[in-house]
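Notes follow once the structure below has been shown.
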Amino acid sequence: MSGPHDVLTYDTDNAKLVTPSASTAGQSRTTRRQNCVQVPWPVFLPPMQDSDSRFSSEQRENYNKMPGGRQGTRCLPLVRKWLLQSWKVLFVLLPAVALVLLYNGYIVQQSETHLPQPLVPVHSDQGQNDFQADNSSQNAGINSTKSLSRFIVYSCNKITVCGGWADRQKGIVVTYLIALMMNRKFRIDMPRPCDLQFFLVPNEVDWLMRPGETKGHSIKEIEAIDGHGLNFVDKLLKKGDLSIPEMDADYVVITANMDSVNELKKHPLAKTVPLLSNETSVPEIYRKSLGKLFTLSSGLRKTLDVAMESRSPDTKLVCAQVRMGGAGKDYNDSESFNSMANVENLMDFLSRYNDSTKYRMYFSSDSQKVVELGQAKFPNLVITIPGPITHVDKSKGSDACAGFGHVIVEQTALSTCDVLVISESGLGKIAAFLRNTDQELYLFHNGKVEPFRRDMRFVNRQW
Ligand SMILES: Nc1nc2c(ncn2[C@@H]2O[C@H](COP(=O)(O)OP(=O)(O)O)[C@@H](O)[C@H]2O)c(=O)[nH]1
Ligand SMILES: [Mg+2]
């Protein structure tokens, strides 16, 4: 007899609803003979009717509320046990696997360009080719064969600060450009707060670190955060071939967070990198670099598509990125950007778009309060993307990983807006870069909303 709190699942093999206790006690003969394990199995069942008297009302209610759709289970054979019994298979398989591993190791040692398959799919082999195409002209004074077997790694993996997502994007773009100027390959190592690959995968440039790939190579680490970062770039750019002692290793691992693209553009080696041509503006260099490096993982793409379903082609998307900063969250942000009193002025500005036949609205913020205020003011327009709000570098809780994915998807959403209001925040500014136009771009600062251009500097902050 099933207890009232047992969760119901659908036993696909035996085509019936069961409780866990019933499924163990009453395993069918087929199931026992197969020596199998119960695993979740997607099967889409209609909600259970109130008139179904086989189960209590509480069980019916729980079943109908099951997250992720009503799931079934299947009994799949215990492969491991079967393998153990089939010693002949192992006899053949083990030497074969060992041979493949040995061969792979040999190939990796022989040729840096023939690396094992990345952990996630890279768009064909275009990446490395494209990377090389960016350096097609020979860099003055740099031995090309030697340099292409060397690497620049953007790293955020030690206990040191690396900054929020925008800080990291700046560090990634600058180190990527340095790699291009030095004719080196590029890698990103970012396991904090969780692996970047969960959310972004390589687009045209293969930046994935392979486990153990630095083994046997010389490594130098550089911490180029804030003032140290500016000093480092300053020292680097004084050398015509960028060959300062800090860069003399197979793997130069750099943790950076400062924008130095304009300075890199002025260096003689910039001429060898098409991305850094005189005609390409800094916002454009960011957009192109980030576009070459990243594309959303399929999970984040789906989250974004589902959220944007209510955005029909005849409605414009009006967005505000409202950076509040300040204390009072699960992390302590020393900087203060806007006050709730000022946010009222932003809402007044946005009320000109309060027409659900023409507009949808999206609020991205480091404060849940702001998002809720937007929802309350414009209930018929607001689109939401579910996810926790955290600080990518400072939040330590169990939400830190999901918050990282959330801010990436939020910035991508902002880059698609027809009207975009940003704060004096790197996150908003890079969203404006990715959006690729100054049309209907505004800056919300000091309680005012004013027209803004991507090449303008913030009034109260450095960038
Ligand atoms: N989800 C979300 N998080 C934000 C937003 N604005 C700031 N944050 C969080 O605060 C961090 C701010 O650091 P950073 O990205 O370097 O940008 P900046 O400090 O505003 O220039 C971000 O990385 C996010 O973790 C936002 O609009 N949405
Ligand atoms: Mg920051």
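The way I read the labels, and the way they are meant: chains A, B, ... in the order of the structure tokens, residue 1 as the first residue of every chain, and ligand 1 as the first ligand shown, with later ones counted on from there.
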* range 293-299 of chain A environment, 9 Å, only C-alpha atoms, sequence neighbours closer than 4 positions dropped, as a list of chain:residue names ->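 Answer for this query is A:Gly127, A:Gln197, A:Phe198, A:Phe199, A:Leu200, A:Val201, A:Pro202, A:Asn203, A:Glu204, A:Val205, A:Asp206, A:Trp207, A:Lys288, A:Ser289, A:Thr303, A:Leu304, A:Ile408, A:Val409, A:Thr412.
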Grab the residues selected above and save them as a PDB file, in the first residue's frame with C-alpha atoms.
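Printed below is again_28.pdb as written:
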ATOM      1  CA  GLY A 127      38.787  28.359 -35.266  1.00  0.00           C
ATOM      2  CA  GLN A 197      32.052  26.342 -20.871  1.00  0.00           C
ATOM      3  CA  PHE A 198      28.683  25.703 -19.221  1.00  0.00           C
ATOM      4  CA  PHE A 199      27.515  29.003 -20.683  1.00  0.00           C
ATOM      5  CA  LEU A 200      29.776  29.999 -23.559  1.00  0.00           C
ATOM      6  CA  VAL A 201      31.465  27.744 -26.086  1.00  0.00           C
ATOM      7  CA  PRO A 202      34.104  28.566 -28.712  1.00  0.00           C
ATOM      8  CA  ASN A 203      32.809  30.141 -31.891  1.00  0.00           C
ATOM      9  CA  GLU A 204      35.638  30.709 -34.376  1.00  0.00           C
ATOM     10  CA  VAL A 205      38.617  30.535 -32.027  1.00  0.00           C
ATOM     11  CA  ASP A 206      39.408  27.350 -30.184  1.00  0.00           C
ATOM     12  CA  TRP A 207      40.229  28.675 -26.704  1.00  0.00           C
ATOM     13  CA  LYS A 288      34.316  41.322 -33.183  1.00  0.00           C
ATOM     14  CA  SER A 289      36.699  39.756 -30.651  1.00  0.00           C
ATOM     15  CA  THR A 303      16.656  30.032 -21.915  1.00  0.00           C
ATOM     16  CA  LEU A 304      16.946  33.214 -23.977  1.00  0.00           C
ATOM     17  CA  ILE A 408      25.723  36.234 -19.436  1.00  0.00           C
ATOM     18  CA  VAL A 409      22.229  35.641 -20.773  1.00  0.00           C
ATOM     19  CA  THR A 412      23.127  38.888 -24.510  1.00  0.00           C
TER      20      THR A 412
END
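The residues sitting within 7 Å of ligand 2, with only C-alpha atoms and all ligand atoms considered, come out as A:Gly163, A:Gly164, A:Ala166, A:Asp167, A:Gly426.
Neighbouring residues of ligand 1 at a cut-off of 7 Å, counting only C-alpha atoms and all ligand atoms, are Gly163, Gly164, Trp165, Ala166, Asp167, Arg168, Gln321, Val322, Arg323, Ser364, Ser365, Asp366, Ile389, Thr390, His391, Val392, Asp393, Gly403, Phe404, His406, Val407, Glu410, Glu424, Ser425, Gly426 and Leu427 of chain A.
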Using only C-alpha atoms, please write the residues we just selected to a file, as a JSON list (two decimals), in the first residue's frame.
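So part_12.json came out as:
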[["chain", "number", "residue", "atom", "x", "y", "z"],
["A", 163, "GLY", "CA", 36.37, 41.07, -11.30],
["A", 164, "GLY", "CA", 32.78, 40.74, -12.52],
["A", 165, "TRP", "CA", 31.82, 39.50, -15.98],
["A", 166, "ALA", "CA", 32.56, 42.84, -17.70],
["A", 167, "ASP", "CA", 35.99, 43.05, -16.01],
["A", 168, "ARG", "CA", 36.69, 39.54, -17.27],
["A", 321, "GLN", "CA", 20.38, 47.84, -17.32],
["A", 322, "VAL", "CA", 20.24, 49.30, -13.84],
["A", 323, "ARG", "CA", 23.44, 48.89, -11.83],
["A", 364, "SER", "CA", 18.45, 43.75, -16.12],
["A", 365, "SER", "CA", 19.87, 44.73, -12.76],
["A", 366, "ASP", "CA", 22.11, 43.71, -9.89],
["A", 389, "ILE", "CA", 21.15, 37.85, -9.29],
["A", 390, "THR", "CA", 24.67, 37.54, -7.91],
["A", 391, "HIS", "CA", 28.05, 39.21, -8.27],
["A", 392, "VAL", "CA", 30.17, 36.96, -10.49],
["A", 393, "ASP", "CA", 33.31, 37.58, -8.44],
["A", 403, "GLY", "CA", 24.08, 33.73, -11.29],
["A", 404, "PHE", "CA", 27.10, 33.62, -13.63],
["A", 406, "HIS", "CA", 22.20, 34.54, -15.68],
["A", 407, "VAL", "CA", 24.36, 37.63, -16.15],
["A", 410, "GLU", "CA", 21.09, 39.06, -19.51],
["A", 424, "GLU", "CA", 27.74, 53.50, -15.75],
["A", 425, "SER", "CA", 28.56, 49.82, -15.76],
["A", 426, "GLY", "CA", 31.02, 47.83, -17.84],
["A", 427, "LEU", "CA", 28.36, 45.17, -18.23]]
* **Shell of 12 Å around range 231-247 of chain A, only C-alpha atoms, local chain residues under 5 positions omitted, as a PyMOL selection string** => chain A and resi 138-143+147+150-153+171+174-175+177-184+218-226+252-270+272
Keeping only N, CA and C atoms, write the selected residues as a short mmCIF file (atom, residue, chain, number, x, y, z; two decimals), in the first residue's frame.
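Saved as part30.cif:
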data_model
loop_
_atom_site.label_atom_id
_atom_site.label_comp_id
_atom_site.auth_asym_id
_atom_site.auth_seq_id
_atom_site.Cartn_x
_atom_site.Cartn_y
_atom_site.Cartn_z
N GLN A 138 53.42 38.34 -41.40
CA GLN A 138 54.45 37.99 -40.41
C GLN A 138 54.69 39.14 -39.45
N ASN A 139 54.72 38.83 -38.18
CA ASN A 139 54.99 39.88 -37.21
C ASN A 139 56.48 40.17 -37.15
N ALA A 140 56.79 41.46 -37.19
CA ALA A 140 58.20 41.86 -37.19
C ALA A 140 58.91 41.28 -35.99
N GLY A 141 60.02 40.62 -36.24
CA GLY A 141 60.86 40.15 -35.14
C GLY A 141 60.32 38.96 -34.38
N ILE A 142 59.19 38.40 -34.79
CA ILE A 142 58.67 37.27 -34.04
C ILE A 142 58.78 36.03 -34.90
N ASN A 143 59.49 35.03 -34.37
CA ASN A 143 59.63 33.78 -35.10
C ASN A 143 58.28 33.08 -35.10
N SER A 147 56.44 30.97 -32.18
CA SER A 147 55.40 31.64 -31.42
C SER A 147 54.07 30.91 -31.50
N ARG A 150 53.41 28.59 -28.91
CA ARG A 150 53.34 29.19 -27.58
C ARG A 150 51.94 29.76 -27.36
N PHE A 151 51.62 30.01 -26.10
CA PHE A 151 50.25 30.37 -25.76
C PHE A 151 50.16 31.59 -24.84
N ILE A 152 49.07 32.33 -25.02
CA ILE A 152 48.66 33.32 -24.01
C ILE A 152 47.38 32.75 -23.42
N VAL A 153 47.32 32.68 -22.10
CA VAL A 153 46.12 32.16 -21.45
C VAL A 153 45.50 33.28 -20.62
N GLY A 171 39.51 41.80 -19.78
CA GLY A 171 40.77 41.04 -19.68
C GLY A 171 40.90 40.04 -20.82
N VAL A 174 41.68 41.98 -24.17
CA VAL A 174 43.05 42.50 -24.20
C VAL A 174 44.07 41.36 -24.36
N THR A 175 43.89 40.27 -23.62
CA THR A 175 44.88 39.18 -23.73
C THR A 175 44.76 38.48 -25.09
N LEU A 177 43.97 39.96 -27.89
CA LEU A 177 44.64 40.83 -28.87
C LEU A 177 46.15 40.74 -28.74
N ILE A 178 46.64 40.64 -27.49
CA ILE A 178 48.10 40.48 -27.29
C ILE A 178 48.55 39.17 -27.94
N ALA A 179 47.73 38.11 -27.78
CA ALA A 179 48.08 36.83 -28.41
C ALA A 179 48.17 36.99 -29.93
N LEU A 180 47.21 37.71 -30.51
CA LEU A 180 47.25 37.92 -31.96
C LEU A 180 48.50 38.70 -32.36
N MET A 181 48.82 39.74 -31.58
CA MET A 181 49.99 40.56 -31.91
C MET A 181 51.28 39.75 -31.81
N MET A 182 51.31 38.80 -30.89
CA MET A 182 52.53 38.00 -30.69
C MET A 182 52.51 36.72 -31.48
N ASN A 183 51.44 36.55 -32.29
CA ASN A 183 51.32 35.34 -33.11
C ASN A 183 51.29 34.07 -32.24
N ARG A 184 50.60 34.17 -31.14
CA ARG A 184 50.51 33.01 -30.25
C ARG A 184 49.07 32.49 -30.24
N SER A 218 57.19 25.46 -20.21
CA SER A 218 57.51 26.54 -19.27
C SER A 218 56.28 27.45 -19.13
N ILE A 219 56.05 27.94 -17.89
CA ILE A 219 54.86 28.74 -17.60
C ILE A 219 55.28 30.00 -16.84
N LYS A 220 54.70 31.15 -17.22
CA LYS A 220 54.89 32.36 -16.40
C LYS A 220 53.52 32.95 -16.12
N GLU A 221 53.31 33.39 -14.88
CA GLU A 221 52.01 33.94 -14.51
C GLU A 221 52.12 35.43 -14.27
N ILE A 222 51.13 36.17 -14.75
CA ILE A 222 51.13 37.63 -14.57
C ILE A 222 49.81 38.06 -13.98
N GLU A 223 49.86 38.80 -12.87
CA GLU A 223 48.62 39.34 -12.32
C GLU A 223 48.51 40.79 -12.77
N ALA A 224 47.59 41.04 -13.68
CA ALA A 224 47.49 42.38 -14.27
C ALA A 224 46.12 42.99 -13.94
N ILE A 225 45.88 43.13 -12.65
CA ILE A 225 44.58 43.64 -12.19
C ILE A 225 44.72 45.13 -11.83
N ASP A 226 43.72 45.91 -12.20
CA ASP A 226 43.67 47.36 -11.92
C ASP A 226 44.99 48.04 -12.29
N VAL A 252 52.04 31.87 -21.16
CA VAL A 252 52.00 33.07 -20.33
C VAL A 252 50.55 33.22 -19.87
N VAL A 253 50.38 33.07 -18.56
CA VAL A 253 49.03 33.01 -17.97
C VAL A 253 48.73 34.36 -17.33
N ILE A 254 47.74 35.06 -17.86
CA ILE A 254 47.50 36.44 -17.43
C ILE A 254 46.10 36.59 -16.82
N THR A 255 46.05 37.18 -15.62
CA THR A 255 44.76 37.56 -15.03
C THR A 255 44.66 39.07 -15.18
N ALA A 256 43.74 39.53 -16.02
CA ALA A 256 43.67 40.98 -16.32
C ALA A 256 42.22 41.44 -16.28
N ASN A 257 42.03 42.75 -16.05
CA ASN A 257 40.65 43.26 -16.03
C ASN A 257 40.53 44.67 -16.59
N MET A 258 41.61 45.17 -17.22
CA MET A 258 41.55 46.57 -17.67
C MET A 258 41.44 46.65 -19.19
N ASP A 259 40.73 47.69 -19.65
CA ASP A 259 40.64 47.92 -21.08
C ASP A 259 41.86 48.70 -21.55
N SER A 260 42.65 48.10 -22.45
CA SER A 260 43.81 48.82 -22.98
C SER A 260 43.81 48.76 -24.50
N VAL A 261 42.64 48.57 -25.09
CA VAL A 261 42.57 48.33 -26.53
C VAL A 261 43.13 49.51 -27.33
N ASN A 262 42.80 50.72 -26.90
CA ASN A 262 43.30 51.91 -27.61
C ASN A 262 44.81 51.95 -27.62
N GLU A 263 45.42 51.58 -26.50
CA GLU A 263 46.88 51.59 -26.40
C GLU A 263 47.46 50.50 -27.33
N LEU A 264 46.85 49.33 -27.33
CA LEU A 264 47.35 48.25 -28.20
C LEU A 264 47.29 48.68 -29.65
N LYS A 265 46.23 49.41 -30.01
CA LYS A 265 46.04 49.84 -31.41
C LYS A 265 47.21 50.69 -31.91
N LYS A 266 47.86 51.41 -30.97
CA LYS A 266 48.94 52.34 -31.37
C LYS A 266 50.28 51.64 -31.54
N HIS A 267 50.40 50.39 -31.11
CA HIS A 267 51.68 49.68 -31.18
C HIS A 267 51.96 49.24 -32.62
N PRO A 268 53.25 49.26 -33.04
CA PRO A 268 53.57 48.86 -34.42
C PRO A 268 53.02 47.48 -34.80
N LEU A 269 53.03 46.54 -33.84
CA LEU A 269 52.57 45.19 -34.19
C LEU A 269 51.07 45.12 -34.49
N ALA A 270 50.32 46.17 -34.08
CA ALA A 270 48.88 46.19 -34.36
C ALA A 270 48.62 46.13 -35.86
N THR A 272 49.90 44.29 -37.93
CA THR A 272 49.90 42.91 -38.43
C THR A 272 48.60 42.19 -38.09
#
